[in-house]
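Have a look at the structure below, then the notes.
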Amino acid sequence: MEQQQLKRCPIGVQTFEKVIEGNYLYIDKTEYIYRMAHGASNYYFLSRPRRFGKSLLVSTLHSYFAGKKELFKGLAIEKLENEWTEYPVLHFDMSRAKHVDKETLESMLGFQLSGYEQIYGKSEEAVKLNDRMTSLIMRACEQTGRQVVVLIDEYDAPLLDVMHEETDLPVLRNVMRNFYSPLKSCDPYLRFVFLTGITKFSQLSIFSELNNISNVSMLKPYAAICGITQEEMLEQMHEYIERLAVSQEMTKEETQRKLKEKYDGYHFTWPSPDIYNPFSLLNAFEDGELNAYWFGSGTPTYLIEMLRKFHTLPSQLGGSMQAMVASFDAPTERMTNIVPLLYQSGYVTIKDYDKYTGLYTLDIPNGEIRVGLMQSLLPNYLAYNTDMGLTTIGRMYGAIRLGDMDAALRLLQEFLSTVPYCDNTNYEGHYQQLFYIIFSLFGMYVDVEVRTPKGRVDVVMRTADTLYVIELKLGKDADAAMSQINLKNYPERFALCGLPVVKVGVNFSAETHNIEKWVVEE
């Protein structure tokens with residue numbers, strides 16, 4: 001199948017009009033547009049991770065409210081909408097205001113206002129940003145005879161990189177609060193208001209008195225408003241799957257399984273359809289490769305900083321995380337743990353819900369995120385010798401695939417001898433987390449502090465054909481670690497897994513901060 005037979009994937013194309021007129025692939029989300037436009041509320045907020053299609057959704061709303069009926073030919077909304085009224089639309093993109101100080105932020109907001117002021121005019125008395133916004137909304141309504149639509153994409157972008165700071169955050173937050181404040185006072189002049197973002201800053205600190213906004217982020221009717229569902233992929237992208245299968249020299253079924261393992265797994269409510277990361281999926285189809293596209297496009301600095309702030313260990317990012325529904329709605333600046341930010345940013349997602357306890361179970365969505373997240377945390381454990389460390393980990397993976405744990409540990413020992421001492425290397429947990437990261441990067445199942453009837457196993461790792469039970473010691477003896485495994489009969493706990501169990505005892509030297517000795521028993 002030749003590539004030119006298929007529509008191009010809209011990589012980096014976030015304008016609805018360009019997608020349609022450029023004959024790009026478009027996954028039809030216009031039913032959601034109609035639902036919101038004719039809903040009970042006129043004010044909506046949607047939280048989704050970065051590069052999840054929020055900007056394209058906002059652009060689609062823009063085209064719809066601008067009355068561009070011709071762009072929606074053949075889409076779901078064409079059969080639903082009869083009026084196609086043209087409204088004045090004020091569309092603000094806050095993604096342009098990242099990594100800025102107060103003066104630059106005010107200047108950039110003023111620049112966006114000035115573009116619309118050239119169309120609708122500007123009041124001489126309106127000097128401050130909030131006064132200019134108020135005047136602009138009123139003028140647009142009066143001049144067109146129709147209420148105004150306000151669309152704000154990535155409303156929180158100016159605040160994300162300073163959310164861990166106590167000095168810059170209040171200053172920038174105050175600027176944004178003043179800018180958004182007219183959205184409440186101008187209610188008679190407004191037809192529709194829609195804001196997107198990653199996090200949720202409290203209504204008091206950002207939206208002032210805008211307490212009538214409908215947060216649809218976790219509502220079931222909007223679960224698939226962004227992203228690509230399993231059904232959408234199989235029905236509308238099956239030819240792309242076939243082309244990728246040829247490129248990867250796999251069957252179509254193998255390709256679907258790989259796509260699911262690597263890019264699927266998102267749920268923004270429960271129950272929810274399976275949601276694929278659209279950025280990664282589209283890039284994979286366009287390139288014919290299964291790379292880490294979403295994570296490779298940039299790990300936000302604020303995430304790593306907040307993980308440090310809340311002292312979050314790598315092993316705590318797995319499936320043992322639980323949260324009440326109120327946690328998801330917690331204002332970002334009042335978070336007491338990392339869970340809301342990890343969820344809103346797309347690094348963990350909903351995997352289950354217990355209606356009796358009201359508890360959601362959270363886990364890393366898929367293989368791409370797990371590997372990328374662990375790579376981001378690896379520098380904390382390798383004194384930033386990350387490139388050489390990843391090469392060593394790749395070689396360790398090759399050894400373990402051949403069932404040679406002895407060779408894998410020798411490689412790690414050789415590498416650690418070249419690494420300067422890291423902080424916190426004087427406690428056993430440091431090495432436990434290092435093993436967790438390394439085995440996670442293998443793409444294999446790994447867990448720490450696994451309960452058994454007689455104690456807890458430091459590390460458990462499962463490959464396709466072997467289960468490893470690993471006990472770690474610091475400044476003691478590898479034989480003592482093995483004796484603990486045997487004395488407490490840890491392997492008995494895993495007898496039903498159906499895999500042969502390999503026992504591994506490892507001792508780290510308190511002086512050299514490296515592996516001193518290990519024992520492997522099958």
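In the structure tokens, each chain is lettered A, B, ... as it comes, each chain's residues begin at 1, and ligands are numbered from 1 in order of appearance.
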- Item | A:Ile470 environment, 8 Å, only C-alpha atoms, sequence neighbours closer than 3 positions dropped, as a VMD selection string | chain A and resid 457 to 460 503 to 506
Store the residues picked out above, limited to all heavy atoms, as a PDB file, in the first residue's frame.
```pdb
ATOM      1  N   VAL A 457       9.645  -8.911  50.067  1.00  0.00           N
ATOM      2  CA  VAL A 457      10.760  -9.057  49.133  1.00  0.00           C
ATOM      3  C   VAL A 457      11.152  -7.672  48.627  1.00  0.00           C
ATOM      4  O   VAL A 457      10.292  -6.881  48.233  1.00  0.00           O
ATOM      5  CB  VAL A 457      10.366  -9.958  47.943  1.00  0.00           C
ATOM      6  CG1 VAL A 457      11.578 -10.215  47.053  1.00  0.00           C
ATOM      7  CG2 VAL A 457       9.783 -11.270  48.436  1.00  0.00           C
ATOM      8  N   ASP A 458      12.460  -7.397  48.608  1.00  0.00           N
ATOM      9  CA  ASP A 458      12.921  -6.074  48.162  1.00  0.00           C
ATOM     10  C   ASP A 458      12.484  -5.776  46.733  1.00  0.00           C
ATOM     11  O   ASP A 458      11.907  -4.720  46.448  1.00  0.00           O
ATOM     12  CB  ASP A 458      14.444  -5.988  48.255  1.00  0.00           C
ATOM     13  CG  ASP A 458      14.919  -5.728  49.681  1.00  0.00           C
ATOM     14  OD1 ASP A 458      14.102  -5.257  50.486  1.00  0.00           O
ATOM     15  OD2 ASP A 458      16.089  -5.989  49.975  1.00  0.00           O
ATOM     16  N   VAL A 459      12.769  -6.701  45.804  1.00  0.00           N
ATOM     17  CA  VAL A 459      12.458  -6.483  44.399  1.00  0.00           C
ATOM     18  C   VAL A 459      11.987  -7.791  43.770  1.00  0.00           C
ATOM     19  O   VAL A 459      12.597  -8.842  43.991  1.00  0.00           O
ATOM     20  CB  VAL A 459      13.690  -5.968  43.598  1.00  0.00           C
ATOM     21  CG1 VAL A 459      13.306  -5.676  42.145  1.00  0.00           C
ATOM     22  CG2 VAL A 459      14.289  -4.732  44.248  1.00  0.00           C
ATOM     23  N   VAL A 460      10.906  -7.716  42.985  1.00  0.00           N
ATOM     24  CA  VAL A 460      10.438  -8.855  42.208  1.00  0.00           C
ATOM     25  C   VAL A 460      10.358  -8.409  40.748  1.00  0.00           C
ATOM     26  O   VAL A 460       9.758  -7.373  40.456  1.00  0.00           O
ATOM     27  CB  VAL A 460       9.059  -9.358  42.679  1.00  0.00           C
ATOM     28  CG1 VAL A 460       8.534 -10.447  41.738  1.00  0.00           C
ATOM     29  CG2 VAL A 460       9.144  -9.896  44.098  1.00  0.00           C
ATOM     30  N   LYS A 503      16.554 -16.924  42.493  1.00  0.00           N
ATOM     31  CA  LYS A 503      16.797 -16.128  43.699  1.00  0.00           C
ATOM     32  C   LYS A 503      18.114 -15.363  43.537  1.00  0.00           C
ATOM     33  O   LYS A 503      19.112 -15.929  43.076  1.00  0.00           O
ATOM     34  CB  LYS A 503      16.869 -17.050  44.920  1.00  0.00           C
ATOM     35  CG  LYS A 503      15.581 -17.814  45.171  1.00  0.00           C
ATOM     36  CD  LYS A 503      15.725 -18.820  46.299  1.00  0.00           C
ATOM     37  CE  LYS A 503      16.606 -19.994  45.901  1.00  0.00           C
ATOM     38  NZ  LYS A 503      16.654 -21.041  46.970  1.00  0.00           N
ATOM     39  N   VAL A 504      18.101 -14.093  43.918  1.00  0.00           N
ATOM     40  CA  VAL A 504      19.281 -13.241  43.762  1.00  0.00           C
ATOM     41  C   VAL A 504      19.521 -12.467  45.052  1.00  0.00           C
ATOM     42  O   VAL A 504      18.637 -11.735  45.520  1.00  0.00           O
ATOM     43  CB  VAL A 504      19.118 -12.246  42.588  1.00  0.00           C
ATOM     44  CG1 VAL A 504      20.403 -11.441  42.387  1.00  0.00           C
ATOM     45  CG2 VAL A 504      18.731 -12.966  41.307  1.00  0.00           C
ATOM     46  N   GLY A 505      20.702 -12.638  45.639  1.00  0.00           N
ATOM     47  CA  GLY A 505      21.106 -11.860  46.808  1.00  0.00           C
ATOM     48  C   GLY A 505      22.220 -10.909  46.420  1.00  0.00           C
ATOM     49  O   GLY A 505      23.216 -11.328  45.824  1.00  0.00           O
ATOM     50  N   VAL A 506      22.066  -9.622  46.736  1.00  0.00           N
ATOM     51  CA  VAL A 506      23.043  -8.610  46.327  1.00  0.00           C
ATOM     52  C   VAL A 506      23.440  -7.770  47.526  1.00  0.00           C
ATOM     53  O   VAL A 506      22.567  -7.331  48.298  1.00  0.00           O
ATOM     54  CB  VAL A 506      22.470  -7.689  45.223  1.00  0.00           C
ATOM     55  CG1 VAL A 506      23.519  -6.672  44.775  1.00  0.00           C
ATOM     56  CG2 VAL A 506      21.977  -8.502  44.028  1.00  0.00           C
TER      57      VAL A 506
END
```
- Task: Identify, with DSSP run on backbone atoms, the residues in stretch 158-335 of chain A assigned to strand (DSSP E or B), and express the list as an NGL selection string.
- Result: :A and (190-197 or 214-215 or 228-229 or 266 or 275-276 or 321-324)
- Message: Using only C-alpha atoms, which protein or nucleic acid residues come within 8 Å of stretch 434-440 of chain A? Drop anything in the same chain fewer than 6 positions from it, and give the result as a list in words.
- Response: Pro314, Ser315, Arg370, Val371, Met374, Gln375, Leu377, Leu378, Tyr381, Ile393, Val446, Asp447, Val448, Val459 and Met461 of chain A
- Item | Top pick for closest residue to A:Leu373, considering A:Val419, A:Leu307, A:Leu402, A:Asn42 and counting only C-alpha atoms |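 With only C-alpha atoms as the atom set, the closest residue is A:Leu307.
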- Could you give me the residues within stretch 262-477 of chain A that DSSP places in alpha helix (DSSP H), as a PyMOL selection string? chain A and resi 262-263+278-287+293-296+301-309+325-328+339-345+367-377+386-401+405-416+428-441
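In this comparison, which uses only C-alpha atoms, the residue of A:Val149, A:Val339, A:Ile27, A:Ala481 approaching A:Leu57 most closely is A:Ile27.
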- Task: For A:Met324, please output as a list in words all residues within 7 Å (counting only C-alpha atoms; exclusion window: fewer than 2 positions along the same chain).
- Result: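 Answer for this query is Ala326, Ser327, Gly358, Leu359 and Tyr360 of chain A.
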Save out the residues we just selected, all heavy atoms, as a PDB file, in the first residue's frame.
```pdb
ATOM      1  N   ALA A 326     -12.217  13.707  45.092  1.00  0.00           N
ATOM      2  CA  ALA A 326     -11.869  15.079  45.458  1.00  0.00           C
ATOM      3  C   ALA A 326     -10.414  15.401  45.144  1.00  0.00           C
ATOM      4  O   ALA A 326     -10.061  16.559  44.908  1.00  0.00           O
ATOM      5  CB  ALA A 326     -12.138  15.304  46.949  1.00  0.00           C
ATOM      6  N   SER A 327      -9.557  14.372  45.119  1.00  0.00           N
ATOM      7  CA  SER A 327      -8.140  14.592  44.834  1.00  0.00           C
ATOM      8  C   SER A 327      -7.933  15.118  43.423  1.00  0.00           C
ATOM      9  O   SER A 327      -7.059  15.941  43.179  1.00  0.00           O
ATOM     10  CB  SER A 327      -7.355  13.293  45.013  1.00  0.00           C
ATOM     11  OG  SER A 327      -7.447  12.821  46.330  1.00  0.00           O
ATOM     12  N   GLY A 358     -15.327   4.558  47.023  1.00  0.00           N
ATOM     13  CA  GLY A 358     -15.113   5.824  46.334  1.00  0.00           C
ATOM     14  C   GLY A 358     -13.660   6.041  45.940  1.00  0.00           C
ATOM     15  O   GLY A 358     -13.262   7.160  45.633  1.00  0.00           O
ATOM     16  N   LEU A 359     -12.863   4.956  45.912  1.00  0.00           N
ATOM     17  CA  LEU A 359     -11.447   5.070  45.608  1.00  0.00           C
ATOM     18  C   LEU A 359     -11.161   4.721  44.149  1.00  0.00           C
ATOM     19  O   LEU A 359     -11.646   3.717  43.633  1.00  0.00           O
ATOM     20  CB  LEU A 359     -10.632   4.135  46.505  1.00  0.00           C
ATOM     21  CG  LEU A 359     -10.405   4.577  47.950  1.00  0.00           C
ATOM     22  CD1 LEU A 359      -9.752   3.460  48.738  1.00  0.00           C
ATOM     23  CD2 LEU A 359      -9.533   5.830  47.998  1.00  0.00           C
ATOM     24  N   TYR A 360     -10.370   5.577  43.505  1.00  0.00           N
ATOM     25  CA  TYR A 360      -9.870   5.311  42.162  1.00  0.00           C
ATOM     26  C   TYR A 360      -8.473   4.696  42.286  1.00  0.00           C
ATOM     27  O   TYR A 360      -7.666   5.132  43.106  1.00  0.00           O
ATOM     28  CB  TYR A 360      -9.763   6.597  41.343  1.00  0.00           C
ATOM     29  CG  TYR A 360     -11.082   7.163  40.898  1.00  0.00           C
ATOM     30  CD1 TYR A 360     -11.801   8.037  41.711  1.00  0.00           C
ATOM     31  CD2 TYR A 360     -11.610   6.842  39.649  1.00  0.00           C
ATOM     32  CE1 TYR A 360     -13.012   8.566  41.298  1.00  0.00           C
ATOM     33  CE2 TYR A 360     -12.818   7.373  39.227  1.00  0.00           C
ATOM     34  CZ  TYR A 360     -13.515   8.227  40.059  1.00  0.00           C
ATOM     35  OH  TYR A 360     -14.718   8.748  39.647  1.00  0.00           O
TER      36      TYR A 360
END
```
- Item | Residues within 8 Å of A:Ser95, only C-alpha atoms, excluding chain neighbours under 4 positions, as a PyMOL selection string | chain A and resi 153-155+157-158
